[in-house]
>>> print(open('input.cif').read())   # mmCIF, N, CA and C atoms
data_work
loop_
_atom_site.label_atom_id
_atom_site.label_comp_id
_atom_site.auth_asym_id
_atom_site.auth_seq_id
_atom_site.Cartn_x
_atom_site.Cartn_y
_atom_site.Cartn_z
N MET A 1 52.23 77.69 304.87
CA MET A 1 51.29 76.57 304.83
C MET A 1 52.08 75.26 304.84
N ASN A 2 51.73 74.36 305.75
CA ASN A 2 52.50 73.13 305.87
C ASN A 2 52.04 72.03 304.91
N GLY A 3 50.93 72.22 304.21
CA GLY A 3 50.48 71.27 303.22
C GLY A 3 49.80 70.04 303.75
N LYS A 4 49.76 69.88 305.07
CA LYS A 4 49.16 68.68 305.68
C LYS A 4 47.73 69.00 306.10
N GLN A 5 46.77 68.29 305.54
CA GLN A 5 45.38 68.49 305.92
C GLN A 5 45.02 67.58 307.08
N LYS A 6 44.14 68.07 307.94
CA LYS A 6 43.66 67.24 309.04
C LYS A 6 42.54 66.35 308.52
N PRO A 7 42.51 65.07 308.96
CA PRO A 7 41.45 64.17 308.48
C PRO A 7 40.08 64.63 308.97
N MET A 8 39.11 64.58 308.07
CA MET A 8 37.75 64.99 308.38
C MET A 8 36.84 63.77 308.36
N ARG A 9 35.85 63.77 309.24
CA ARG A 9 34.85 62.70 309.29
C ARG A 9 33.48 63.32 309.49
N LYS A 10 32.44 62.60 309.06
CA LYS A 10 31.08 63.10 309.21
C LYS A 10 30.44 62.51 310.45
N CYS A 11 29.86 63.38 311.28
CA CYS A 11 29.12 62.94 312.47
C CYS A 11 27.81 62.30 312.01
N VAL A 12 27.48 61.12 312.56
CA VAL A 12 26.25 60.43 312.16
C VAL A 12 25.02 61.04 312.83
N GLY A 13 25.23 61.99 313.76
CA GLY A 13 24.11 62.66 314.41
C GLY A 13 23.69 63.90 313.65
N CYS A 14 24.60 64.89 313.58
CA CYS A 14 24.26 66.18 312.95
C CYS A 14 24.64 66.22 311.46
N ASN A 15 25.32 65.19 310.97
CA ASN A 15 25.75 65.10 309.57
C ASN A 15 26.68 66.23 309.14
N GLU A 16 27.45 66.78 310.08
CA GLU A 16 28.42 67.82 309.75
C GLU A 16 29.81 67.21 309.65
N MET A 17 30.59 67.71 308.70
CA MET A 17 31.98 67.29 308.58
C MET A 17 32.80 68.04 309.62
N LYS A 18 33.56 67.30 310.43
CA LYS A 18 34.38 67.89 311.47
C LYS A 18 35.73 67.19 311.50
N GLU A 19 36.69 67.81 312.19
CA GLU A 19 37.99 67.17 312.32
C GLU A 19 37.85 65.86 313.10
N LYS A 20 38.53 64.85 312.64
CA LYS A 20 38.46 63.52 313.26
C LYS A 20 38.77 63.58 314.75
N ALA A 21 39.73 64.42 315.13
CA ALA A 21 40.15 64.50 316.54
C ALA A 21 39.05 65.05 317.45
N SER A 22 38.09 65.79 316.89
CA SER A 22 37.04 66.38 317.72
C SER A 22 35.82 65.48 317.86
N LEU A 23 35.87 64.28 317.25
CA LEU A 23 34.73 63.36 317.29
C LEU A 23 35.07 62.11 318.09
N LEU A 24 34.02 61.43 318.57
CA LEU A 24 34.17 60.13 319.23
C LEU A 24 33.89 59.04 318.21
N ARG A 25 34.62 57.94 318.29
CA ARG A 25 34.40 56.82 317.39
C ARG A 25 33.74 55.68 318.16
N VAL A 26 32.59 55.24 317.67
CA VAL A 26 31.89 54.08 318.23
C VAL A 26 32.18 52.91 317.30
N VAL A 27 32.65 51.80 317.88
CA VAL A 27 33.11 50.67 317.07
C VAL A 27 32.33 49.41 317.38
N LYS A 28 32.00 48.67 316.33
CA LYS A 28 31.49 47.30 316.48
C LYS A 28 32.67 46.40 316.15
N THR A 29 33.17 45.70 317.17
CA THR A 29 34.34 44.85 316.99
C THR A 29 33.97 43.61 316.19
N PRO A 30 34.97 42.91 315.64
CA PRO A 30 34.69 41.67 314.90
C PRO A 30 33.97 40.62 315.75
N GLU A 31 34.14 40.69 317.09
CA GLU A 31 33.46 39.74 317.99
C GLU A 31 32.01 40.13 318.24
N GLY A 32 31.61 41.34 317.79
CA GLY A 32 30.23 41.78 317.97
C GLY A 32 30.02 42.69 319.17
N ASN A 33 31.09 43.11 319.85
CA ASN A 33 30.97 44.05 320.97
C ASN A 33 30.94 45.48 320.47
N PHE A 34 30.36 46.36 321.27
CA PHE A 34 30.33 47.78 320.93
C PHE A 34 31.16 48.53 321.96
N ILE A 35 32.06 49.40 321.49
CA ILE A 35 32.89 50.17 322.40
C ILE A 35 33.03 51.61 321.90
N VAL A 36 33.33 52.52 322.84
CA VAL A 36 33.73 53.87 322.46
C VAL A 36 35.24 53.82 322.34
N ASP A 37 35.74 54.05 321.14
CA ASP A 37 37.17 53.91 320.85
C ASP A 37 37.87 55.24 321.10
N LYS A 38 38.54 55.35 322.23
CA LYS A 38 39.23 56.59 322.58
C LYS A 38 40.54 56.76 321.81
N THR A 39 41.09 55.67 321.26
CA THR A 39 42.35 55.74 320.54
C THR A 39 42.16 55.98 319.03
N ASN A 40 40.94 55.80 318.53
CA ASN A 40 40.63 55.87 317.10
C ASN A 40 41.41 54.83 316.29
N ARG A 41 41.81 53.74 316.93
CA ARG A 41 42.59 52.71 316.25
C ARG A 41 42.04 51.29 316.44
N ALA A 42 40.94 51.14 317.15
CA ALA A 42 40.42 49.80 317.43
C ALA A 42 39.95 49.13 316.14
N ASN A 43 40.12 47.81 316.09
CA ASN A 43 39.65 47.02 314.96
C ASN A 43 38.14 46.99 314.94
N GLY A 44 37.57 47.03 313.76
CA GLY A 44 36.13 46.90 313.63
C GLY A 44 35.52 48.03 312.83
N ARG A 45 34.23 47.94 312.64
CA ARG A 45 33.49 48.96 311.88
C ARG A 45 33.19 50.13 312.79
N GLY A 46 33.53 51.33 312.36
CA GLY A 46 33.38 52.49 313.21
C GLY A 46 32.42 53.53 312.66
N ALA A 47 31.87 54.31 313.56
CA ALA A 47 31.02 55.45 313.22
C ALA A 47 31.45 56.61 314.11
N TYR A 48 31.42 57.80 313.58
CA TYR A 48 31.85 58.97 314.34
C TYR A 48 30.66 59.79 314.78
N VAL A 49 30.74 60.32 316.00
CA VAL A 49 29.68 61.16 316.56
C VAL A 49 30.33 62.27 317.39
N CYS A 50 29.71 63.44 317.42
CA CYS A 50 30.23 64.57 318.20
C CYS A 50 30.31 64.20 319.68
N LYS A 51 31.20 64.86 320.41
CA LYS A 51 31.34 64.62 321.85
C LYS A 51 30.25 65.40 322.59
N ASP A 52 29.01 65.14 322.21
CA ASP A 52 27.86 65.85 322.76
C ASP A 52 26.71 64.86 322.90
N VAL A 53 26.11 64.81 324.08
CA VAL A 53 25.03 63.86 324.34
C VAL A 53 23.85 64.10 323.40
N ASN A 54 23.53 65.37 323.13
CA ASN A 54 22.40 65.67 322.24
C ASN A 54 22.65 65.15 320.83
N CYS A 55 23.87 65.28 320.36
CA CYS A 55 24.22 64.77 319.04
C CYS A 55 24.14 63.24 319.01
N PHE A 56 24.57 62.60 320.10
CA PHE A 56 24.48 61.13 320.20
C PHE A 56 23.01 60.70 320.15
N ARG A 57 22.15 61.40 320.87
CA ARG A 57 20.71 61.07 320.87
C ARG A 57 20.11 61.27 319.48
N LEU A 58 20.56 62.31 318.79
CA LEU A 58 20.09 62.56 317.43
C LEU A 58 20.52 61.42 316.50
N ALA A 59 21.74 60.91 316.70
CA ALA A 59 22.23 59.78 315.90
C ALA A 59 21.38 58.54 316.14
N LEU A 60 20.87 58.38 317.37
CA LEU A 60 19.99 57.24 317.66
C LEU A 60 18.62 57.45 317.02
N LYS A 61 18.11 58.68 317.14
CA LYS A 61 16.78 58.98 316.63
C LYS A 61 16.71 58.81 315.11
N ASN A 62 17.72 59.33 314.41
CA ASN A 62 17.69 59.22 312.94
C ASN A 62 18.31 57.92 312.43
N LYS A 63 18.65 57.02 313.38
CA LYS A 63 19.22 55.70 313.08
C LYS A 63 20.55 55.79 312.33
N GLY A 64 21.24 56.90 312.45
CA GLY A 64 22.53 57.08 311.80
C GLY A 64 23.58 56.11 312.32
N LEU A 65 23.55 55.87 313.63
CA LEU A 65 24.52 54.95 314.23
C LEU A 65 24.29 53.52 313.74
N GLU A 66 23.03 53.09 313.72
CA GLU A 66 22.71 51.73 313.25
C GLU A 66 23.05 51.56 311.77
N ARG A 67 22.77 52.60 310.98
CA ARG A 67 23.07 52.54 309.55
C ARG A 67 24.58 52.43 309.31
N SER A 68 25.35 53.23 310.04
CA SER A 68 26.80 53.22 309.86
C SER A 68 27.44 51.91 310.32
N LEU A 69 26.93 51.37 311.41
CA LEU A 69 27.50 50.12 311.93
C LEU A 69 26.86 48.88 311.30
N LYS A 70 25.85 49.11 310.48
CA LYS A 70 25.16 48.06 309.73
C LYS A 70 24.57 46.97 310.61
N CYS A 71 23.99 47.37 311.75
CA CYS A 71 23.34 46.38 312.62
C CYS A 71 22.46 47.09 313.65
N LYS A 72 21.58 46.31 314.27
CA LYS A 72 20.74 46.81 315.35
C LYS A 72 21.57 46.80 316.63
N ILE A 73 21.47 47.87 317.41
CA ILE A 73 22.26 47.98 318.63
C ILE A 73 21.35 47.76 319.83
N PRO A 74 21.70 46.81 320.73
CA PRO A 74 20.87 46.54 321.90
C PRO A 74 20.74 47.76 322.82
N GLU A 75 19.57 47.89 323.48
CA GLU A 75 19.28 49.03 324.35
C GLU A 75 20.31 49.22 325.45
N GLU A 76 20.73 48.11 326.11
CA GLU A 76 21.68 48.24 327.22
C GLU A 76 23.03 48.76 326.74
N ILE A 77 23.40 48.41 325.51
CA ILE A 77 24.65 48.92 324.93
C ILE A 77 24.53 50.42 324.67
N LEU A 78 23.38 50.84 324.16
CA LEU A 78 23.15 52.26 323.90
C LEU A 78 23.24 53.08 325.18
N ALA A 79 22.66 52.56 326.26
CA ALA A 79 22.71 53.24 327.55
C ALA A 79 24.15 53.36 328.04
N GLN A 80 24.91 52.29 327.86
CA GLN A 80 26.32 52.28 328.28
C GLN A 80 27.14 53.29 327.46
N LEU A 81 26.90 53.33 326.16
CA LEU A 81 27.61 54.28 325.29
C LEU A 81 27.28 55.72 325.67
N GLU A 82 26.02 55.96 325.98
CA GLU A 82 25.60 57.32 326.37
C GLU A 82 26.29 57.74 327.67
N GLN A 83 26.47 56.80 328.60
CA GLN A 83 27.18 57.10 329.85
C GLN A 83 28.63 57.47 329.57
N GLU A 84 29.26 56.78 328.64
CA GLU A 84 30.66 57.03 328.32
C GLU A 84 30.86 58.40 327.66
N ILE A 85 29.85 58.83 326.92
CA ILE A 85 29.93 60.13 326.26
C ILE A 85 29.67 61.21 327.28
#
>>> encode(input="input.cif", output="structure tokens")
Amino acid sequence: MNGKQKPMRKCVGCNEMKEKASLLRVVKTPEGNFIVDKTNRANGRGAYVCKDVNCFRLALKNKGLERSLKCKIPEEILAQLEQEI
């Protein structure tokens, strides 16, 4: 046993704890832009969601994404994020 644990994060769609590397991070930057952070290092408030369109839609339906990012997300941004996923 190497003693090193992998970081875990909760998906805002299905509410399951998963390895950070298996999730996508959606970030609200300090300037107010929304991006899908492929590096997991972008500045800003982040929320994690499974790399699955259905899970992303569930996060929108249960408002998990808005709750985690602490703001209302414009429709055109949501459509763009869904395309990236």
>>> closest_residue(input="input.cif", among="A:Lys38, A:Arg57, A:Lys70, A:Lys18", to="Glu82 of chain A", atoms="all atoms listed in the file")
A:Arg57
>>> atom_distance(input="input.cif", atom1="atom N of Asn54 of chain A", atom2="atom N of Gln5 of chain A")
29.3 Å
>>> resolve_selection(input="input.cif", expression="the PyMOL selection byres (((chain A and resi 74 and name CA) around 12) and name CA)", output="list in words")
Lys28, Gly32, Asn33, Phe34, Leu60, Leu65, Glu66, Cys71, Lys72, Ile73, Glu75, Glu76, Ile77, Leu78, Ala79, Gln80 and Leu81 of chain A
>>> write_last_selection(input="input.cif", atoms="N, CA and C atoms", output="mmCIF file, keeping the file's coordinate frame")
data_model
loop_
_atom_site.group_PDB
_atom_site.id
_atom_site.type_symbol
_atom_site.label_atom_id
_atom_site.label_comp_id
_atom_site.auth_asym_id
_atom_site.auth_seq_id
_atom_site.Cartn_x
_atom_site.Cartn_y
_atom_site.Cartn_z
ATOM 1 N N LYS A 28 32.000 48.670 316.330
ATOM 2 C CA LYS A 28 31.490 47.300 316.480
ATOM 3 C C LYS A 28 32.670 46.400 316.150
ATOM 4 N N GLY A 32 31.610 41.340 317.790
ATOM 5 C CA GLY A 32 30.230 41.780 317.970
ATOM 6 C C GLY A 32 30.020 42.690 319.170
ATOM 7 N N ASN A 33 31.090 43.110 319.850
ATOM 8 C CA ASN A 33 30.970 44.050 320.970
ATOM 9 C C ASN A 33 30.940 45.480 320.470
ATOM 10 N N PHE A 34 30.360 46.360 321.270
ATOM 11 C CA PHE A 34 30.330 47.780 320.930
ATOM 12 C C PHE A 34 31.160 48.530 321.960
ATOM 13 N N LEU A 60 20.870 58.380 317.370
ATOM 14 C CA LEU A 60 19.990 57.240 317.660
ATOM 15 C C LEU A 60 18.620 57.450 317.020
ATOM 16 N N LEU A 65 23.550 55.870 313.630
ATOM 17 C CA LEU A 65 24.520 54.950 314.230
ATOM 18 C C LEU A 65 24.290 53.520 313.740
ATOM 19 N N GLU A 66 23.030 53.090 313.720
ATOM 20 C CA GLU A 66 22.710 51.730 313.250
ATOM 21 C C GLU A 66 23.050 51.560 311.770
ATOM 22 N N CYS A 71 23.990 47.370 311.750
ATOM 23 C CA CYS A 71 23.340 46.380 312.620
ATOM 24 C C CYS A 71 22.460 47.090 313.650
ATOM 25 N N LYS A 72 21.580 46.310 314.270
ATOM 26 C CA LYS A 72 20.740 46.810 315.350
ATOM 27 C C LYS A 72 21.570 46.800 316.630
ATOM 28 N N ILE A 73 21.470 47.870 317.410
ATOM 29 C CA ILE A 73 22.260 47.980 318.630
ATOM 30 C C ILE A 73 21.350 47.760 319.830
ATOM 31 N N GLU A 75 19.570 47.890 323.480
ATOM 32 C CA GLU A 75 19.280 49.030 324.350
ATOM 33 C C GLU A 75 20.310 49.220 325.450
ATOM 34 N N GLU A 76 20.730 48.110 326.110
ATOM 35 C CA GLU A 76 21.680 48.240 327.220
ATOM 36 C C GLU A 76 23.030 48.760 326.740
ATOM 37 N N ILE A 77 23.400 48.410 325.510
ATOM 38 C CA ILE A 77 24.650 48.920 324.930
ATOM 39 C C ILE A 77 24.530 50.420 324.670
ATOM 40 N N LEU A 78 23.380 50.840 324.160
ATOM 41 C CA LEU A 78 23.150 52.260 323.900
ATOM 42 C C LEU A 78 23.240 53.080 325.180
ATOM 43 N N ALA A 79 22.660 52.560 326.260
ATOM 44 C CA ALA A 79 22.710 53.240 327.550
ATOM 45 C C ALA A 79 24.150 53.360 328.040
ATOM 46 N N GLN A 80 24.910 52.290 327.860
ATOM 47 C CA GLN A 80 26.320 52.280 328.280
ATOM 48 C C GLN A 80 27.140 53.290 327.460
ATOM 49 N N LEU A 81 26.900 53.330 326.160
ATOM 50 C CA LEU A 81 27.610 54.280 325.290
ATOM 51 C C LEU A 81 27.280 55.720 325.670
#
>>> atom_distance(input="input.cif", atom1="atom CA of Ala47 of chain A", atom2="atom C of Pro30 of chain A")
15.3 Å
>>> atom_distance(input="input.cif", atom1="atom N of Leu58 of chain A", atom2="atom CA of Arg9 of chain A")
17.2 Å
>>> residues_around(input="input.cif", residues="Lys10 of chain A", least_positions_apart="5", cutoff="6 Å", atoms="all atoms listed in the file", output="compact mmCIF listing (two decimals) with N, CA and C atoms, keeping the file's coordinate frame")
# COMPACT_ATOMS: atom_id res chain seq x y z
N ASN A 15 25.32 65.19 310.97
CA ASN A 15 25.75 65.10 309.57
C ASN A 15 26.68 66.23 309.14
N GLU A 16 27.45 66.78 310.08
CA GLU A 16 28.42 67.82 309.75
C GLU A 16 29.81 67.21 309.65
N MET A 17 30.59 67.71 308.70
CA MET A 17 31.98 67.29 308.58
C MET A 17 32.80 68.04 309.62
N LYS A 18 33.56 67.30 310.43
CA LYS A 18 34.38 67.89 311.47
C LYS A 18 35.73 67.19 311.50
N TYR A 48 31.42 57.80 313.58
CA TYR A 48 31.85 58.97 314.34
C TYR A 48 30.66 59.79 314.78
N VAL A 49 30.74 60.32 316.00
CA VAL A 49 29.68 61.16 316.56
C VAL A 49 30.33 62.27 317.39
>>> closest_residue(input="input.cif", among="A:Ile35, A:Cys50, A:Leu69, A:Asn62", to="Ser22 of chain A", atoms="only C-alpha atoms")
A:Cys50
>>> resolve_selection(input="input.cif", expression="the PyMOL selection byres ((chain A and resi 13) around 5)", output="list in words")
Cys11, Val12, Cys14, Asn15, Cys55, Leu58 and Ala59 of chain A
>>> write_last_selection(input="input.cif", atoms="N, CA and C atoms", output="CSV table (one decimal), in the coordinates of the input")
chain,number,residue,atom,x,y,z
A,11,CYS,N,29.9,63.4,311.3
A,11,CYS,CA,29.1,62.9,312.5
A,11,CYS,C,27.8,62.3,312.0
A,12,VAL,N,27.5,61.1,312.6
A,12,VAL,CA,26.2,60.4,312.2
A,12,VAL,C,25.0,61.0,312.8
A,14,CYS,N,24.6,64.9,313.6
A,14,CYS,CA,24.3,66.2,313.0
A,14,CYS,C,24.6,66.2,311.5
A,15,ASN,N,25.3,65.2,311.0
A,15,ASN,CA,25.8,65.1,309.6
A,15,ASN,C,26.7,66.2,309.1
A,55,CYS,N,23.9,65.3,320.4
A,55,CYS,CA,24.2,64.8,319.0
A,55,CYS,C,24.1,63.2,319.0
A,58,LEU,N,20.6,62.3,318.8
A,58,LEU,CA,20.1,62.6,317.4
A,58,LEU,C,20.5,61.4,316.5
A,59,ALA,N,21.7,60.9,316.7
A,59,ALA,CA,22.2,59.8,315.9
A,59,ALA,C,21.4,58.5,316.1
>>> residues_around(input="input.cif", residues="Ile85 of chain A", least_positions_apart="4", cutoff="9 Å", atoms="only C-alpha atoms", output="list in words")
Leu24, Val36, Lys51, Asp52, Val53, Phe56, Gln80 and Leu81 of chain A
>>> select_by_dssp(input="input.cif", residues="chain A", states="strand (DSSP E or B)", output="PyMOL selection string")
chain A and resi 8-10+17-19+23-28+34-37+45-50
>>> closest_residue(input="input.cif", among="A:Gln83, A:Pro7, A:Arg67, A:Gly46", to="Arg25 of chain A", atoms="all atoms listed in the file")
A:Gly46
>>> build_atoms(input="input.cif", residues="segment 52-72 of chain A", atoms="N, CA, C and O atoms", output="PDB file, keeping the file's coordinate frame")
ATOM      1  N   ASP A  52      29.010  65.140 322.210  1.00  0.00           N
ATOM      2  CA  ASP A  52      27.860  65.850 322.760  1.00  0.00           C
ATOM      3  C   ASP A  52      26.710  64.860 322.900  1.00  0.00           C
ATOM      4  O   ASP A  52      26.385  64.147 321.945  1.00  0.00           O
ATOM      5  N   VAL A  53      26.110  64.810 324.080  1.00  0.00           N
ATOM      6  CA  VAL A  53      25.030  63.860 324.340  1.00  0.00           C
ATOM      7  C   VAL A  53      23.850  64.100 323.400  1.00  0.00           C
ATOM      8  O   VAL A  53      23.247  63.154 322.896  1.00  0.00           O
ATOM      9  N   ASN A  54      23.530  65.370 323.130  1.00  0.00           N
ATOM     10  CA  ASN A  54      22.400  65.670 322.240  1.00  0.00           C
ATOM     11  C   ASN A  54      22.650  65.150 320.830  1.00  0.00           C
ATOM     12  O   ASN A  54      21.735  64.650 320.180  1.00  0.00           O
ATOM     13  N   CYS A  55      23.870  65.280 320.360  1.00  0.00           N
ATOM     14  CA  CYS A  55      24.220  64.770 319.040  1.00  0.00           C
ATOM     15  C   CYS A  55      24.140  63.240 319.010  1.00  0.00           C
ATOM     16  O   CYS A  55      23.687  62.656 318.037  1.00  0.00           O
ATOM     17  N   PHE A  56      24.570  62.600 320.100  1.00  0.00           N
ATOM     18  CA  PHE A  56      24.480  61.130 320.200  1.00  0.00           C
ATOM     19  C   PHE A  56      23.010  60.700 320.150  1.00  0.00           C
ATOM     20  O   PHE A  56      22.668  59.749 319.445  1.00  0.00           O
ATOM     21  N   ARG A  57      22.150  61.400 320.870  1.00  0.00           N
ATOM     22  CA  ARG A  57      20.710  61.070 320.870  1.00  0.00           C
ATOM     23  C   ARG A  57      20.110  61.270 319.480  1.00  0.00           C
ATOM     24  O   ARG A  57      19.253  60.504 319.053  1.00  0.00           O
ATOM     25  N   LEU A  58      20.560  62.310 318.790  1.00  0.00           N
ATOM     26  CA  LEU A  58      20.090  62.560 317.430  1.00  0.00           C
ATOM     27  C   LEU A  58      20.520  61.420 316.500  1.00  0.00           C
ATOM     28  O   LEU A  58      19.749  60.984 315.644  1.00  0.00           O
ATOM     29  N   ALA A  59      21.740  60.910 316.700  1.00  0.00           N
ATOM     30  CA  ALA A  59      22.230  59.780 315.900  1.00  0.00           C
ATOM     31  C   ALA A  59      21.380  58.540 316.140  1.00  0.00           C
ATOM     32  O   ALA A  59      21.188  57.728 315.238  1.00  0.00           O
ATOM     33  N   LEU A  60      20.870  58.380 317.370  1.00  0.00           N
ATOM     34  CA  LEU A  60      19.990  57.240 317.660  1.00  0.00           C
ATOM     35  C   LEU A  60      18.620  57.450 317.020  1.00  0.00           C
ATOM     36  O   LEU A  60      18.045  56.532 316.446  1.00  0.00           O
ATOM     37  N   LYS A  61      18.110  58.680 317.140  1.00  0.00           N
ATOM     38  CA  LYS A  61      16.780  58.980 316.630  1.00  0.00           C
ATOM     39  C   LYS A  61      16.710  58.810 315.110  1.00  0.00           C
ATOM     40  O   LYS A  61      15.764  58.214 314.594  1.00  0.00           O
ATOM     41  N   ASN A  62      17.720  59.330 314.410  1.00  0.00           N
ATOM     42  CA  ASN A  62      17.690  59.220 312.940  1.00  0.00           C
ATOM     43  C   ASN A  62      18.310  57.920 312.430  1.00  0.00           C
ATOM     44  O   ASN A  62      18.494  57.729 311.240  1.00  0.00           O
ATOM     45  N   LYS A  63      18.650  57.020 313.380  1.00  0.00           N
ATOM     46  CA  LYS A  63      19.220  55.700 313.080  1.00  0.00           C
ATOM     47  C   LYS A  63      20.550  55.790 312.330  1.00  0.00           C
ATOM     48  O   LYS A  63      20.960  54.849 311.663  1.00  0.00           O
ATOM     49  N   GLY A  64      21.240  56.900 312.450  1.00  0.00           N
ATOM     50  CA  GLY A  64      22.530  57.080 311.800  1.00  0.00           C
ATOM     51  C   GLY A  64      23.580  56.110 312.320  1.00  0.00           C
ATOM     52  O   GLY A  64      24.389  55.587 311.566  1.00  0.00           O
ATOM     53  N   LEU A  65      23.550  55.870 313.630  1.00  0.00           N
ATOM     54  CA  LEU A  65      24.520  54.950 314.230  1.00  0.00           C
ATOM     55  C   LEU A  65      24.290  53.520 313.740  1.00  0.00           C
ATOM     56  O   LEU A  65      25.233  52.834 313.356  1.00  0.00           O
ATOM     57  N   GLU A  66      23.030  53.090 313.720  1.00  0.00           N
ATOM     58  CA  GLU A  66      22.710  51.730 313.250  1.00  0.00           C
ATOM     59  C   GLU A  66      23.050  51.560 311.770  1.00  0.00           C
ATOM     60  O   GLU A  66      23.572  50.538 311.361  1.00  0.00           O
ATOM     61  N   ARG A  67      22.770  52.600 310.980  1.00  0.00           N
ATOM     62  CA  ARG A  67      23.070  52.540 309.550  1.00  0.00           C
ATOM     63  C   ARG A  67      24.580  52.430 309.310  1.00  0.00           C
ATOM     64  O   ARG A  67      25.038  51.628 308.504  1.00  0.00           O
ATOM     65  N   SER A  68      25.350  53.230 310.040  1.00  0.00           N
ATOM     66  CA  SER A  68      26.800  53.220 309.860  1.00  0.00           C
ATOM     67  C   SER A  68      27.440  51.910 310.320  1.00  0.00           C
ATOM     68  O   SER A  68      28.382  51.429 309.705  1.00  0.00           O
ATOM     69  N   LEU A  69      26.930  51.370 311.410  1.00  0.00           N
ATOM     70  CA  LEU A  69      27.500  50.120 311.930  1.00  0.00           C
ATOM     71  C   LEU A  69      26.860  48.880 311.300  1.00  0.00           C
ATOM     72  O   LEU A  69      27.261  47.756 311.569  1.00  0.00           O
ATOM     73  N   LYS A  70      25.850  49.110 310.480  1.00  0.00           N
ATOM     74  CA  LYS A  70      25.160  48.060 309.730  1.00  0.00           C
ATOM     75  C   LYS A  70      24.570  46.970 310.610  1.00  0.00           C
ATOM     76  O   LYS A  70      24.667  45.783 310.301  1.00  0.00           O
ATOM     77  N   CYS A  71      23.990  47.370 311.750  1.00  0.00           N
ATOM     78  CA  CYS A  71      23.340  46.380 312.620  1.00  0.00           C
ATOM     79  C   CYS A  71      22.460  47.090 313.650  1.00  0.00           C
ATOM     80  O   CYS A  71      22.578  48.286 313.864  1.00  0.00           O
ATOM     81  N   LYS A  72      21.580  46.310 314.270  1.00  0.00           N
ATOM     82  CA  LYS A  72      20.740  46.810 315.350  1.00  0.00           C
ATOM     83  C   LYS A  72      21.570  46.800 316.630  1.00  0.00           C
ATOM     84  O   LYS A  72      22.295  45.851 316.902  1.00  0.00           O
TER      85      LYS A  72
END
